[in-house]
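To keep things clear, I will list the structure first and then write my remarks on it.
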Amino acid sequence: MSKNSNILNWESYNDLSLVEKGNLISHLPHTLISQQFKRTQINELCRLASKIRFICKTKEGAYYLKSILCDKRAMLYFAQPSSRTYLSFNAACQILGLDTMDVRDSKTSSEIKGESPEDTVRTFSSYVDLIIMRHPEGGFAEKIALMLSNTNREIPVINAGSGADQHPTQALLDIYTLERSFECNKGIDNKIILFSGDLKRGRTVRSLAWLLTLYDNVKIIFSAPQELQIKSDILEMLDKAQLNYVVSENFSEHLSEVDAIYMTRLQDEWDSDNDTNEIDRKKFQIDSSHLKKMKKDAIIMHPLPRREEISTSIDNSPQAMYWRQMRNGMWIRAALILKTFDRENKIYDWEK
Ligand code: NCD
């Protein structure tokens with residue numbers, strides 16, 4: 001864990017571009033935005049995740065893993081609904097022997113007595129060695145992490161989803177899923193990935209799109225109704241990174257060329273007055289008739305939860321990767337936690 005004497009304050013940090021923020025965070029112990037990752041780090045996390053998965057298969061291995069971080073405690077602070085992310089982080093902590101505590105509703109904390117959210121999280125930091133947090137406010141995890149980095153108790157913060165802007169650990173598990181799926185097909189380089197659904201407000205797509213810029217010659221197709229299309233800030237970022245993309249309102253015309261389809265649900269919890277449920281999304285749904293048009297080894301992903309965008313009739317197809325994708329989340333999060341505490345050598349020790 002790094003100790004820092006010269007961390008920016010929130011205002012100066014907030015003026016930086018995402019890439020500049022990523023460079024700054026990469027020197028800190030936190031996981032906050034996908035722009036902080038380099039490809040070598042992602043490769044290492046994927047390798048570690050696979051090793052943890054393998055070691056966990058035997059009772060001796062599982063017991064050994066549980067000893068690695070048994071001296072640490074983690075706080076799961078989830079001020080927004082979550083099933084998969086919460087459970088997989090909790091499971092990842094259990095695999096590595098960390099004890100966990102949680103607050104899943106800020107109404108049960110002293111925020112209800114008028115305490116500021118910053119003070120609430122600083123309080124948590126007195127009792128634990130890691131904070132894993134999900135928050136409805138974009139940038140809040142970054143604000144908290146910078147605040148802690150400026151105190152004498154700099155504990156790591158992992159962003160488990162912030163507002164409609166970032167979900168870096170989902171992006172990591174998505175990459176791990178793509179890596180594993182394309183293992184015998186020359187990896188992620190040169191692949192075509194189609195994103196569909198609510199691209200405007202889906203934080204998973206925003207985080208994953210950046211990670212894909214770290215691979216060679218990847219092409220992205222953003223296919224969604226115009227009202228839900230990807231925002232210009234992401235496209236500008238992809239332009240700068242020279243990633244080839246297409247913005248399209250046609251879904252079916254791309255099916256035969258893609259290597260992966262990444263579906264997302266309507267994020268109508270962000271609706272104010274205009275009800276996005278009225279938008280016709282039928283042309284952006286997938287069932288077995290679409291599968292027939294796709295390459296035999298092309299995969300379908302979804303961060304879940306889903307609504308009607310993927311028919312349950314394809315759930316047991318070998319191309320439906322979303323169930324395995326979910327389980328991959330537990331392994332890559334365990335790898336990330338291990339790396340956060342600089343204990344990855346313990347995994348290599350096991351192999352000796
Ligand atoms: C996603 C999220 O919370 O952003 N879910 C998840 O973490 N698996 C996607 C979503 O809610 O649509």
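A note on labels: chains of the structure tokens are A, B, ... as shown, every chain counts residues from 1, and ligands are counted from 1 in their shown order.
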
Open item on the list: What residues of the protein or nucleic acid chains come within 7 Å of ligand 1 when you use only C-alpha atoms and all ligand atoms? Reply as a PyMOL selection string.
Closed with: chain A and resi 82+84-85+161+167+170+202-204+264-265+267+303-305

Could you write out the selected residues, including N, CA and C atoms, as a compact mmCIF listing (two decimals), in the first residue's frame?
# COMPACT_ATOMS: atom_id res chain seq x y z
N SER A 82 -28.08 -3.83 -4.72
CA SER A 82 -27.07 -4.70 -5.33
C SER A 82 -27.31 -6.13 -4.90
N ARG A 84 -25.57 -9.14 -7.10
CA ARG A 84 -24.35 -9.80 -7.58
C ARG A 84 -23.06 -9.15 -7.05
N THR A 85 -22.99 -7.84 -7.15
CA THR A 85 -21.73 -7.18 -6.78
C THR A 85 -21.49 -7.34 -5.28
N GLY A 161 -19.41 0.53 -7.99
CA GLY A 161 -20.47 1.13 -8.79
C GLY A 161 -20.79 2.51 -8.26
N HIS A 167 -18.10 1.68 -13.12
CA HIS A 167 -18.23 0.39 -12.42
C HIS A 167 -16.98 -0.43 -12.79
N GLN A 170 -16.78 -4.31 -12.44
CA GLN A 170 -17.60 -5.02 -13.43
C GLN A 170 -16.82 -5.09 -14.75
N GLY A 202 -25.84 3.42 -18.62
CA GLY A 202 -25.26 2.19 -18.07
C GLY A 202 -23.79 2.39 -17.74
N ARG A 203 -23.46 2.32 -16.45
CA ARG A 203 -22.06 2.57 -16.06
C ARG A 203 -21.14 1.43 -16.45
N THR A 204 -21.69 0.22 -16.63
CA THR A 204 -20.82 -0.92 -16.96
C THR A 204 -20.21 -0.73 -18.35
N THR A 264 -27.51 -4.78 -22.13
CA THR A 264 -27.75 -4.13 -20.82
C THR A 264 -29.24 -3.81 -20.71
N ARG A 265 -29.70 -3.61 -19.49
CA ARG A 265 -31.12 -3.31 -19.26
C ARG A 265 -31.37 -1.81 -19.33
N GLN A 267 -32.06 1.58 -17.76
CA GLN A 267 -31.70 2.10 -16.43
C GLN A 267 -32.73 3.16 -16.02
N PRO A 303 -24.32 -7.71 -17.77
CA PRO A 303 -23.87 -7.54 -16.37
C PRO A 303 -24.94 -8.02 -15.38
N LEU A 304 -26.20 -8.11 -15.87
CA LEU A 304 -27.36 -8.49 -15.06
C LEU A 304 -27.61 -7.44 -13.97
N PRO A 305 -28.79 -7.21 -13.52
CA PRO A 305 -30.01 -7.95 -13.82
C PRO A 305 -30.55 -7.65 -15.23

Open item on the list: Just list as an MDAnalysis selection string whatever in region 94-173 of chain A DSSP marks as alpha helix (DSSP H).
Closed with: chainID A and resid 94:96 117:124 140:149 168:173

Task: Sel. of strand (DSSP E) residues, region 189-223 of chain A, as a PyMOL selection string - done: chain A and resi 192-196+219-223

Just-selected residues, C-alpha atoms written as an mmCIF file, in the first residue's frame:
data_model
loop_
_atom_site.group_PDB
_atom_site.id
_atom_site.type_symbol
_atom_site.label_atom_id
_atom_site.label_comp_id
_atom_site.auth_asym_id
_atom_site.auth_seq_id
_atom_site.Cartn_x
_atom_site.Cartn_y
_atom_site.Cartn_z
ATOM 1 C CA ILE A 192 -15.723 -6.965 -32.577
ATOM 2 C CA ILE A 193 -17.907 -6.242 -29.527
ATOM 3 C CA LEU A 194 -21.469 -4.969 -29.807
ATOM 4 C CA PHE A 195 -23.007 -3.057 -26.890
ATOM 5 C CA SER A 196 -26.775 -2.741 -26.708
ATOM 6 C CA LYS A 219 -13.942 -2.571 -32.849
ATOM 7 C CA ILE A 220 -17.002 -1.514 -30.820
ATOM 8 C CA ILE A 221 -20.551 -1.256 -32.169
ATOM 9 C CA PHE A 222 -22.931 0.804 -30.007
ATOM 10 C CA SER A 223 -26.396 -0.303 -31.013
#

Open item on the list: Env of region 120-129 of chain A: 8 Å cut, atoms = only C-alpha atoms, seq-sep filter 3 positions within chain, self excluded. Answer as JSON, numbers by chain.
Closed with: {"A": [72, 73, 74, 75, 109, 110, 111, 115, 116, 117, 144, 148, 153, 155, 156]}

- [ ] Can you pull out every residue within 7 Å of Gly22 (chain A), counting only C-alpha atoms, but drop anything in the same chain fewer than 2 positions away, and send it as a list in words?
- [x] Leu18, Val19, Glu20, Leu24, Ile25, Ser26, Ile33, Gln35 and Gln36 of chain A

Would you mind exporting the chosen residues as a compact mmCIF listing (two decimals), in the first residue's frame, restricted to all heavy atoms?
# COMPACT_ATOMS: atom_id res chain seq x y z
N LEU A 18 -10.58 12.19 -17.43
CA LEU A 18 -10.62 10.82 -16.88
C LEU A 18 -9.27 10.13 -16.96
O LEU A 18 -8.86 9.41 -16.05
CB LEU A 18 -11.66 9.99 -17.65
CG LEU A 18 -13.10 10.13 -17.17
CD1 LEU A 18 -14.06 9.42 -18.11
CD2 LEU A 18 -13.25 9.58 -15.75
N VAL A 19 -8.56 10.36 -18.07
CA VAL A 19 -7.27 9.70 -18.24
C VAL A 19 -6.26 10.26 -17.23
O VAL A 19 -5.50 9.51 -16.61
CB VAL A 19 -6.77 9.85 -19.70
CG1 VAL A 19 -5.37 9.31 -19.86
CG2 VAL A 19 -7.73 9.16 -20.66
N GLU A 20 -6.32 11.58 -17.01
CA GLU A 20 -5.42 12.18 -16.00
C GLU A 20 -5.76 11.65 -14.60
O GLU A 20 -4.88 11.35 -13.80
CB GLU A 20 -5.56 13.71 -16.02
CG GLU A 20 -4.91 14.35 -17.24
CD GLU A 20 -5.30 15.82 -17.43
OE1 GLU A 20 -6.39 16.24 -16.98
OE2 GLU A 20 -4.51 16.54 -18.03
N LEU A 24 -3.33 9.46 -11.99
CA LEU A 24 -3.09 9.83 -10.59
C LEU A 24 -3.46 8.68 -9.66
O LEU A 24 -2.70 8.31 -8.77
CB LEU A 24 -3.93 11.07 -10.27
CG LEU A 24 -3.66 11.69 -8.92
CD1 LEU A 24 -3.28 13.16 -9.10
CD2 LEU A 24 -4.85 11.61 -8.01
N ILE A 25 -4.63 8.08 -9.90
CA ILE A 25 -5.11 7.01 -9.01
C ILE A 25 -4.19 5.79 -9.08
O ILE A 25 -4.04 5.06 -8.11
CB ILE A 25 -6.56 6.62 -9.36
CG1 ILE A 25 -7.50 7.80 -9.15
CG2 ILE A 25 -7.04 5.44 -8.52
CD1 ILE A 25 -8.83 7.63 -9.82
N SER A 26 -3.57 5.59 -10.24
CA SER A 26 -2.74 4.39 -10.38
C SER A 26 -1.58 4.37 -9.38
O SER A 26 -0.98 3.34 -9.15
CB SER A 26 -2.24 4.23 -11.82
OG SER A 26 -1.37 5.29 -12.11
N ILE A 33 -11.71 4.02 -10.99
CA ILE A 33 -12.22 4.21 -12.36
C ILE A 33 -11.41 3.31 -13.30
O ILE A 33 -10.26 2.96 -13.00
CB ILE A 33 -12.11 5.70 -12.82
CG1 ILE A 33 -10.66 6.20 -12.82
CG2 ILE A 33 -12.96 6.60 -11.94
CD1 ILE A 33 -10.52 7.62 -13.39
N GLN A 35 -10.02 3.92 -16.03
CA GLN A 35 -8.87 4.59 -16.67
C GLN A 35 -7.58 4.42 -15.87
O GLN A 35 -6.52 4.78 -16.34
CB GLN A 35 -9.18 6.08 -16.86
CG GLN A 35 -10.12 6.39 -18.00
CD GLN A 35 -11.58 6.07 -17.68
OE1 GLN A 35 -11.94 5.75 -16.56
NE2 GLN A 35 -12.42 6.12 -18.69
N GLN A 36 -7.65 3.89 -14.67
CA GLN A 36 -6.42 3.72 -13.88
C GLN A 36 -5.64 2.47 -14.28
O GLN A 36 -4.51 2.29 -13.85
CB GLN A 36 -6.76 3.69 -12.39
CG GLN A 36 -7.40 2.40 -11.90
CD GLN A 36 -7.80 2.48 -10.44
OE1 GLN A 36 -8.81 3.08 -10.09
NE2 GLN A 36 -7.00 1.90 -9.56

Open item on the list: When you look at Asn150 (chain A) with a cut-off of 12 Å (counting only C-alpha atoms), what residues show up, excluding the ones that are within fewer than 2 positions of it in the same chain? I need them as a VMD selection string.
Closed with: chain A and resid 3 to 10 28 122 143 to 148 152 to 155

Task: Residue neighbourhood Gln94 (chain A), 10 Å, only C-alpha atoms, exclusion window fewer than 2 positions, as a ChimeraX atom specification - done: /A:65-66,69-70,88-92,96-100,334

Could those residues be written to a file, using N, CA, C and O atoms, as a PDB file, in the first residue's frame?
ATOM      1  N   LEU A  65      -5.956 -20.379   1.122  1.00  0.00           N
ATOM      2  CA  LEU A  65      -6.421 -19.061   0.663  1.00  0.00           C
ATOM      3  C   LEU A  65      -7.006 -18.259   1.829  1.00  0.00           C
ATOM      4  O   LEU A  65      -6.761 -17.066   1.966  1.00  0.00           O
ATOM      5  N   LYS A  66      -7.755 -18.950   2.680  1.00  0.00           N
ATOM      6  CA  LYS A  66      -8.410 -18.268   3.813  1.00  0.00           C
ATOM      7  C   LYS A  66      -7.404 -17.703   4.822  1.00  0.00           C
ATOM      8  O   LYS A  66      -7.745 -16.838   5.626  1.00  0.00           O
ATOM      9  N   LEU A  69      -5.493 -13.419   4.049  1.00  0.00           N
ATOM     10  CA  LEU A  69      -5.880 -12.081   4.533  1.00  0.00           C
ATOM     11  C   LEU A  69      -6.701 -12.169   5.827  1.00  0.00           C
ATOM     12  O   LEU A  69      -7.552 -11.310   6.083  1.00  0.00           O
ATOM     13  N   CYS A  70      -6.402 -13.207   6.642  1.00  0.00           N
ATOM     14  CA  CYS A  70      -7.215 -13.396   7.855  1.00  0.00           C
ATOM     15  C   CYS A  70      -6.935 -12.316   8.901  1.00  0.00           C
ATOM     16  O   CYS A  70      -7.650 -12.199   9.889  1.00  0.00           O
ATOM     17  N   SER A  88     -20.767 -11.126  -4.568  1.00  0.00           N
ATOM     18  CA  SER A  88     -19.480 -11.612  -5.086  1.00  0.00           C
ATOM     19  C   SER A  88     -18.315 -10.986  -4.331  1.00  0.00           C
ATOM     20  O   SER A  88     -17.301 -11.637  -4.092  1.00  0.00           O
ATOM     21  N   PHE A  89     -18.445  -9.734  -3.915  1.00  0.00           N
ATOM     22  CA  PHE A  89     -17.390  -9.132  -3.092  1.00  0.00           C
ATOM     23  C   PHE A  89     -17.329  -9.827  -1.730  1.00  0.00           C
ATOM     24  O   PHE A  89     -16.245 -10.104  -1.212  1.00  0.00           O
ATOM     25  N   ASN A  90     -18.508 -10.105  -1.173  1.00  0.00           N
ATOM     26  CA  ASN A  90     -18.534 -10.775   0.118  1.00  0.00           C
ATOM     27  C   ASN A  90     -17.891 -12.159  -0.009  1.00  0.00           C
ATOM     28  O   ASN A  90     -17.062 -12.552   0.824  1.00  0.00           O
ATOM     29  N   ALA A  91     -18.248 -12.870  -1.072  1.00  0.00           N
ATOM     30  CA  ALA A  91     -17.674 -14.206  -1.295  1.00  0.00           C
ATOM     31  C   ALA A  91     -16.161 -14.106  -1.516  1.00  0.00           C
ATOM     32  O   ALA A  91     -15.386 -14.915  -0.991  1.00  0.00           O
ATOM     33  N   ALA A  92     -15.729 -13.083  -2.271  1.00  0.00           N
ATOM     34  CA  ALA A  92     -14.293 -12.906  -2.532  1.00  0.00           C
ATOM     35  C   ALA A  92     -13.543 -12.682  -1.221  1.00  0.00           C
ATOM     36  O   ALA A  92     -12.458 -13.234  -0.992  1.00  0.00           O
ATOM     37  N   LEU A  96     -10.644 -15.259   0.776  1.00  0.00           N
ATOM     38  CA  LEU A  96      -9.305 -14.840   1.220  1.00  0.00           C
ATOM     39  C   LEU A  96      -9.201 -14.670   2.737  1.00  0.00           C
ATOM     40  O   LEU A  96      -8.171 -14.255   3.250  1.00  0.00           O
ATOM     41  N   GLY A  97     -10.289 -14.986   3.436  1.00  0.00           N
ATOM     42  CA  GLY A  97     -10.258 -14.972   4.899  1.00  0.00           C
ATOM     43  C   GLY A  97     -10.511 -13.624   5.543  1.00  0.00           C
ATOM     44  O   GLY A  97     -10.371 -13.484   6.757  1.00  0.00           O
ATOM     45  N   LEU A  98     -10.869 -12.598   4.761  1.00  0.00           N
ATOM     46  CA  LEU A  98     -11.191 -11.299   5.380  1.00  0.00           C
ATOM     47  C   LEU A  98     -12.547 -11.381   6.060  1.00  0.00           C
ATOM     48  O   LEU A  98     -13.494 -11.912   5.482  1.00  0.00           O
ATOM     49  N   ASP A  99     -12.646 -10.818   7.254  1.00  0.00           N
ATOM     50  CA  ASP A  99     -13.962 -10.663   7.875  1.00  0.00           C
ATOM     51  C   ASP A  99     -14.632  -9.454   7.255  1.00  0.00           C
ATOM     52  O   ASP A  99     -13.955  -8.496   6.871  1.00  0.00           O
ATOM     53  N   THR A 100     -15.956  -9.501   7.145  1.00  0.00           N
ATOM     54  CA  THR A 100     -16.664  -8.358   6.541  1.00  0.00           C
ATOM     55  C   THR A 100     -17.729  -7.804   7.487  1.00  0.00           C
ATOM     56  O   THR A 100     -18.267  -8.515   8.321  1.00  0.00           O
ATOM     57  N   ALA A 334     -11.613 -11.305  -6.004  1.00  0.00           N
ATOM     58  CA  ALA A 334     -10.657 -11.868  -5.037  1.00  0.00           C
ATOM     59  C   ALA A 334      -9.234 -11.482  -5.467  1.00  0.00           C
ATOM     60  O   ALA A 334      -8.410 -11.070  -4.642  1.00  0.00           O
TER      61      ALA A 334
END
